[in-house]
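Peer 1: This is the content of input.pdb (PDB, C-alpha atoms):
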MODEL        1
ATOM      1  CA  GLN Z1262      78.743  91.455 105.107  1.00  0.00           C
ATOM      2  CA  VAL Z1263      77.927  94.004 102.433  1.00  0.00           C
ATOM      3  CA  GLN Z1264      80.658  94.757  99.924  1.00  0.00           C
ATOM      4  CA  LEU Z1265      80.781  96.903  96.813  1.00  0.00           C
ATOM      5  CA  VAL Z1266      84.074  96.747  94.959  1.00  0.00           C
ATOM      6  CA  GLU Z1267      84.745  99.153  92.113  1.00  0.00           C
ATOM      7  CA  SER Z1268      87.400  98.628  89.459  1.00  0.00           C
ATOM      8  CA  GLY Z1269      88.416  99.916  86.050  1.00  0.00           C
ATOM      9  CA  GLY Z1270      89.588 103.408  86.897  1.00  0.00           C
ATOM     10  CA  GLY Z1271      92.842 104.870  85.696  1.00  0.00           C
ATOM     11  CA  LEU Z1272      94.517 107.545  83.609  1.00  0.00           C
ATOM     12  CA  VAL Z1273      93.145 108.212  80.137  1.00  0.00           C
ATOM     13  CA  GLN Z1274      93.662 110.916  77.540  1.00  0.00           C
ATOM     14  CA  PRO Z1275      90.849 113.304  76.597  1.00  0.00           C
ATOM     15  CA  GLY Z1276      88.540 111.632  74.113  1.00  0.00           C
ATOM     16  CA  GLY Z1277      89.358 108.202  75.444  1.00  0.00           C
ATOM     17  CA  SER Z1278      87.174 105.565  77.087  1.00  0.00           C
ATOM     18  CA  LEU Z1279      87.037 103.617  80.322  1.00  0.00           C
ATOM     19  CA  ARG Z1280      84.687 100.990  81.667  1.00  0.00           C
ATOM     20  CA  LEU Z1281      84.063 100.917  85.401  1.00  0.00           C
ATOM     21  CA  SER Z1282      82.721  97.831  87.162  1.00  0.00           C
ATOM     22  CA  CYS Z1283      81.204  97.434  90.600  1.00  0.00           C
ATOM     23  CA  THR Z1284      80.687  93.947  91.976  1.00  0.00           C
ATOM     24  CA  ALA Z1285      78.397  93.528  94.952  1.00  0.00           C
ATOM     25  CA  SER Z1286      77.920  90.917  97.643  1.00  0.00           C
ATOM     26  CA  GLY Z1287      76.099  90.512 100.937  1.00  0.00           C
ATOM     27  CA  PHE Z1288      72.678  91.808  99.879  1.00  0.00           C
ATOM     28  CA  PRO Z1289      70.073  91.039  97.186  1.00  0.00           C
ATOM     29  CA  PHE Z1290      71.628  92.946  94.308  1.00  0.00           C
ATOM     30  CA  TRP Z1291      68.736  92.246  91.952  1.00  0.00           C
ATOM     31  CA  ASN Z1292      66.213  94.410  93.797  1.00  0.00           C
ATOM     32  CA  HIS Z1293      68.411  97.442  94.461  1.00  0.00           C
ATOM     33  CA  ILE Z1294      68.716 100.605  92.435  1.00  0.00           C
ATOM     34  CA  MET Z1295      72.368 100.917  91.446  1.00  0.00           C
ATOM     35  CA  SER Z1296      74.022 104.267  90.910  1.00  0.00           C
ATOM     36  CA  TRP Z1297      77.368 105.782  90.054  1.00  0.00           C
ATOM     37  CA  TYR Z1298      78.445 108.976  91.770  1.00  0.00           C
ATOM     38  CA  ARG Z1299      81.619 110.989  91.456  1.00  0.00           C
ATOM     39  CA  GLN Z1300      83.481 113.492  93.554  1.00  0.00           C
ATOM     40  CA  ALA Z1301      86.113 115.839  92.197  1.00  0.00           C
ATOM     41  CA  PRO Z1302      88.605 117.609  94.478  1.00  0.00           C
ATOM     42  CA  GLY Z1303      86.939 120.478  96.293  1.00  0.00           C
ATOM     43  CA  LYS Z1304      83.493 119.599  94.990  1.00  0.00           C
ATOM     44  CA  GLU Z1305      80.469 117.809  96.371  1.00  0.00           C
ATOM     45  CA  ARG Z1306      79.681 114.264  95.404  1.00  0.00           C
ATOM     46  CA  GLU Z1307      77.274 114.206  92.465  1.00  0.00           C
ATOM     47  CA  LEU Z1308      75.050 111.600  90.848  1.00  0.00           C
ATOM     48  CA  VAL Z1309      76.329 110.473  87.455  1.00  0.00           C
ATOM     49  CA  ALA Z1310      73.884 107.730  86.490  1.00  0.00           C
ATOM     50  CA  SER Z1311      71.429 105.281  87.989  1.00  0.00           C
ATOM     51  CA  ILE Z1312      69.671 102.117  86.849  1.00  0.00           C
ATOM     52  CA  GLY Z1313      66.586 100.383  88.182  1.00  0.00           C
ATOM     53  CA  PRO Z1314      66.488  96.770  89.399  1.00  0.00           C
ATOM     54  CA  LEU Z1315      65.335  95.326  86.081  1.00  0.00           C
ATOM     55  CA  ALA Z1316      67.566  97.638  84.035  1.00  0.00           C
ATOM     56  CA  GLY Z1317      64.583  99.176  82.261  1.00  0.00           C
ATOM     57  CA  ASN Z1318      64.946 102.591  83.839  1.00  0.00           C
ATOM     58  CA  THR Z1319      68.129 104.641  83.568  1.00  0.00           C
ATOM     59  CA  ASN Z1320      68.913 108.237  84.424  1.00  0.00           C
ATOM     60  CA  TYR Z1321      71.948 110.385  83.664  1.00  0.00           C
ATOM     61  CA  ALA Z1322      73.363 113.699  84.711  1.00  0.00           C
ATOM     62  CA  ASP Z1323      73.136 116.221  81.885  1.00  0.00           C
ATOM     63  CA  SER Z1324      76.911 116.500  81.828  1.00  0.00           C
ATOM     64  CA  VAL Z1325      77.366 112.843  80.826  1.00  0.00           C
ATOM     65  CA  LYS Z1326      74.326 112.165  78.635  1.00  0.00           C
ATOM     66  CA  ASP Z1327      75.215 110.631  75.272  1.00  0.00           C
ATOM     67  CA  ARG Z1328      78.740 109.848  76.526  1.00  0.00           C
ATOM     68  CA  PHE Z1329      78.226 107.463  79.468  1.00  0.00           C
ATOM     69  CA  THR Z1330      76.134 104.303  79.617  1.00  0.00           C
ATOM     70  CA  ILE Z1331      75.125 102.484  82.795  1.00  0.00           C
ATOM     71  CA  SER Z1332      74.212  98.808  82.672  1.00  0.00           C
ATOM     72  CA  ARG Z1333      73.867  95.884  85.050  1.00  0.00           C
ATOM     73  CA  ASP Z1334      74.189  92.119  85.055  1.00  0.00           C
ATOM     74  CA  ASN Z1335      72.062  90.724  87.863  1.00  0.00           C
ATOM     75  CA  ALA Z1336      73.470  87.227  87.333  1.00  0.00           C
ATOM     76  CA  ARG Z1337      76.963  88.581  88.119  1.00  0.00           C
ATOM     77  CA  ASN Z1338      75.869  91.111  90.775  1.00  0.00           C
ATOM     78  CA  THR Z1339      77.704  93.744  88.778  1.00  0.00           C
ATOM     79  CA  VAL Z1340      76.927  97.231  87.542  1.00  0.00           C
ATOM     80  CA  TYR Z1341      78.968  98.908  84.833  1.00  0.00           C
ATOM     81  CA  LEU Z1342      79.637 102.439  83.657  1.00  0.00           C
ATOM     82  CA  GLN Z1343      80.911 102.745  80.106  1.00  0.00           C
ATOM     83  CA  MET Z1344      82.503 106.163  79.718  1.00  0.00           C
ATOM     84  CA  ASN Z1345      83.287 107.462  76.224  1.00  0.00           C
ATOM     85  CA  SER Z1346      84.566 110.787  74.929  1.00  0.00           C
ATOM     86  CA  LEU Z1347      86.090 111.537  78.306  1.00  0.00           C
ATOM     87  CA  LYS Z1348      86.886 115.122  79.218  1.00  0.00           C
ATOM     88  CA  PRO Z1349      89.263 116.567  81.819  1.00  0.00           C
ATOM     89  CA  GLU Z1350      86.232 117.662  83.833  1.00  0.00           C
ATOM     90  CA  ASP Z1351      85.274 113.999  84.242  1.00  0.00           C
ATOM     91  CA  THR Z1352      88.288 113.582  86.531  1.00  0.00           C
ATOM     92  CA  ALA Z1353      87.033 112.411  89.924  1.00  0.00           C
ATOM     93  CA  VAL Z1354      86.756 109.494  92.284  1.00  0.00           C
ATOM     94  CA  TYR Z1355      83.852 107.370  91.092  1.00  0.00           C
ATOM     95  CA  TYR Z1356      81.705 105.506  93.598  1.00  0.00           C
ATOM     96  CA  CYS Z1357      78.963 102.969  93.155  1.00  0.00           C
ATOM     97  CA  LYS Z1358      75.965 102.910  95.431  1.00  0.00           C
ATOM     98  CA  ALA Z1359      73.237 100.379  96.068  1.00  0.00           C
ATOM     99  CA  GLY Z1360      69.970 101.818  97.262  1.00  0.00           C
ATOM    100  CA  ARG Z1361      66.706 100.481  98.564  1.00  0.00           C
ATOM    101  CA  THR Z1362      65.772 100.774 102.247  1.00  0.00           C
ATOM    102  CA  SER Z1363      69.448 101.349 103.079  1.00  0.00           C
ATOM    103  CA  ASP Z1364      72.317 102.741 101.041  1.00  0.00           C
ATOM    104  CA  TYR Z1365      75.588 100.892 100.534  1.00  0.00           C
ATOM    105  CA  TRP Z1366      78.693 102.521  99.089  1.00  0.00           C
ATOM    106  CA  GLY Z1367      81.870 101.251  97.513  1.00  0.00           C
ATOM    107  CA  GLN Z1368      85.331 102.579  98.303  1.00  0.00           C
ATOM    108  CA  GLY Z1369      85.716 104.445  95.008  1.00  0.00           C
ATOM    109  CA  THR Z1370      88.002 104.271  92.000  1.00  0.00           C
ATOM    110  CA  GLN Z1371      90.035 107.168  90.623  1.00  0.00           C
ATOM    111  CA  VAL Z1372      89.459 108.352  87.073  1.00  0.00           C
ATOM    112  CA  THR Z1373      91.909 110.895  85.707  1.00  0.00           C
ATOM    113  CA  VAL Z1374      91.463 112.430  82.266  1.00  0.00           C
ATOM    114  CA  SER Z1375      94.596 114.245  81.209  1.00  0.00           C
ATOM    115  CA  SER Z1376      96.994 114.572  78.303  1.00  0.00           C
TER     116      SER Z1376
ENDMDL
END
What's the structure tokens form of this structure?

Peer 2:
Amino acid sequence: QVQLVESGGGLVQPGGSLRLSCTASGFPFWNHIMSWYRQAPGKERELVASIGPLAGNTNYADSVKDRFTISRDNARNTVYLQMNSLKPEDTAVYYCKAGRTSDYWGQGTQVTVSS
């Protein structure tokens, strides 16, 4: 049974930091591209960052470059998203996705950036 469980969301002030985690089970994590997406109210889901199976290839949305860092630990079946210098426009539900021949999604974790 495939599971992706996100954690680490919450309420943070502008300029603050959060670290999201997504722990996977039920499929070979090591050979899947892992991604973080987000969806704000009234908006479409958008790709935030992705990382290749061996962690040597990362991609970021322009809006989060130089502020967010994606990483993975294949021994722990976990992908992370370190988010620094958070802005109110980063407020969204954040989802992790595993992709290869099929896509698997987590249930999402809420991130709210507000003073």

Peer 1: Quick one: everything within 6 Å of region 1344-1350 of chain Z, counting all atoms listed in the file, minus sequence neighbours fewer than 5 positions away in the same chain. Send it as a list in words.

Peer 2: Pro1275, Gly1276, Gly1277, Ser1278, Leu1279, Arg1280, Arg1328, Phe1329, Val1374 and Ser1375 of chain Z

Peer 1: Where does the PyMOL selection byres ((chain Z and resi 1298) around 8) land in this file, that is, which residues does it pick, as a PyMOL selection string?

Peer 2: chain Z and resi 1296-1297+1299-1300+1306-1310+1355-1358

Peer 1: So, with all atoms listed in the file as the atoms that count, which of Z:Gly1360, Z:Gly1369, Z:Pro1289, Z:Gly1269 lies closest to Tyr1341 (chain Z)?

Peer 2: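 Of all the options, Z:Gly1269 lies closest to Tyr1341 (chain Z).
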
Peer 1: Can you translate the PyMOL selection byres ((chain Z and resi 1318) around 12) into the concrete residues it hits in this file, as number ranges by chain?

Peer 2: Z: 1294-1296, 1310-1317, 1319-1321, 1331-1333

Peer 1: Quick check, in Å to one decimal: how far apart do CA of Val1273 (chain Z) and CA of Val1325 (chain Z) lie?

Peer 2: 16.5 Å

Peer 1: Which one is closest to Val1263 (chain Z): Z:Trp1366, Z:Gly1303, Z:Thr1339, Z:Ala1353? Count all atoms listed in the file.

Peer 2: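 The answer is Z:Trp1366, which sits nearest to Val1263 (chain Z).
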
Peer 1: Can you work out the spacing between CA of Asn1338 (chain Z) and CA of Ala1322 (chain Z) in Å, to one decimal?

Peer 2: 23.5 Å

Peer 1: When distances are computed from all atoms listed in the file, which of Z:Ala1359, Z:Thr1284, Z:Trp1291, Z:Asp1351 shows the smallest separation from Ser1324 (chain Z)?

Peer 2: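 Using all atoms listed in the file, the shortest distance to Ser1324 (chain Z) belongs to Z:Asp1351.
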
Peer 1: Just give me the gap between CA of Asp1334 (chain Z) and CA of Leu1272 (chain Z) in Å, one decimal is fine.

Peer 2: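 One can read the CA of Asp1334 (chain Z) to CA of Leu1272 (chain Z) distance as 25.6 Å.
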
Peer 1: Find, counting only C-alpha atoms, the residue in Z:Ser1286, Z:Asn1292, Z:Gln1274, Z:Ser1268 that gets nearest to Gln1368 (chain Z).

Peer 2: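 Using only C-alpha atoms, Gln1368 (chain Z) sits closest to Z:Ser1268.
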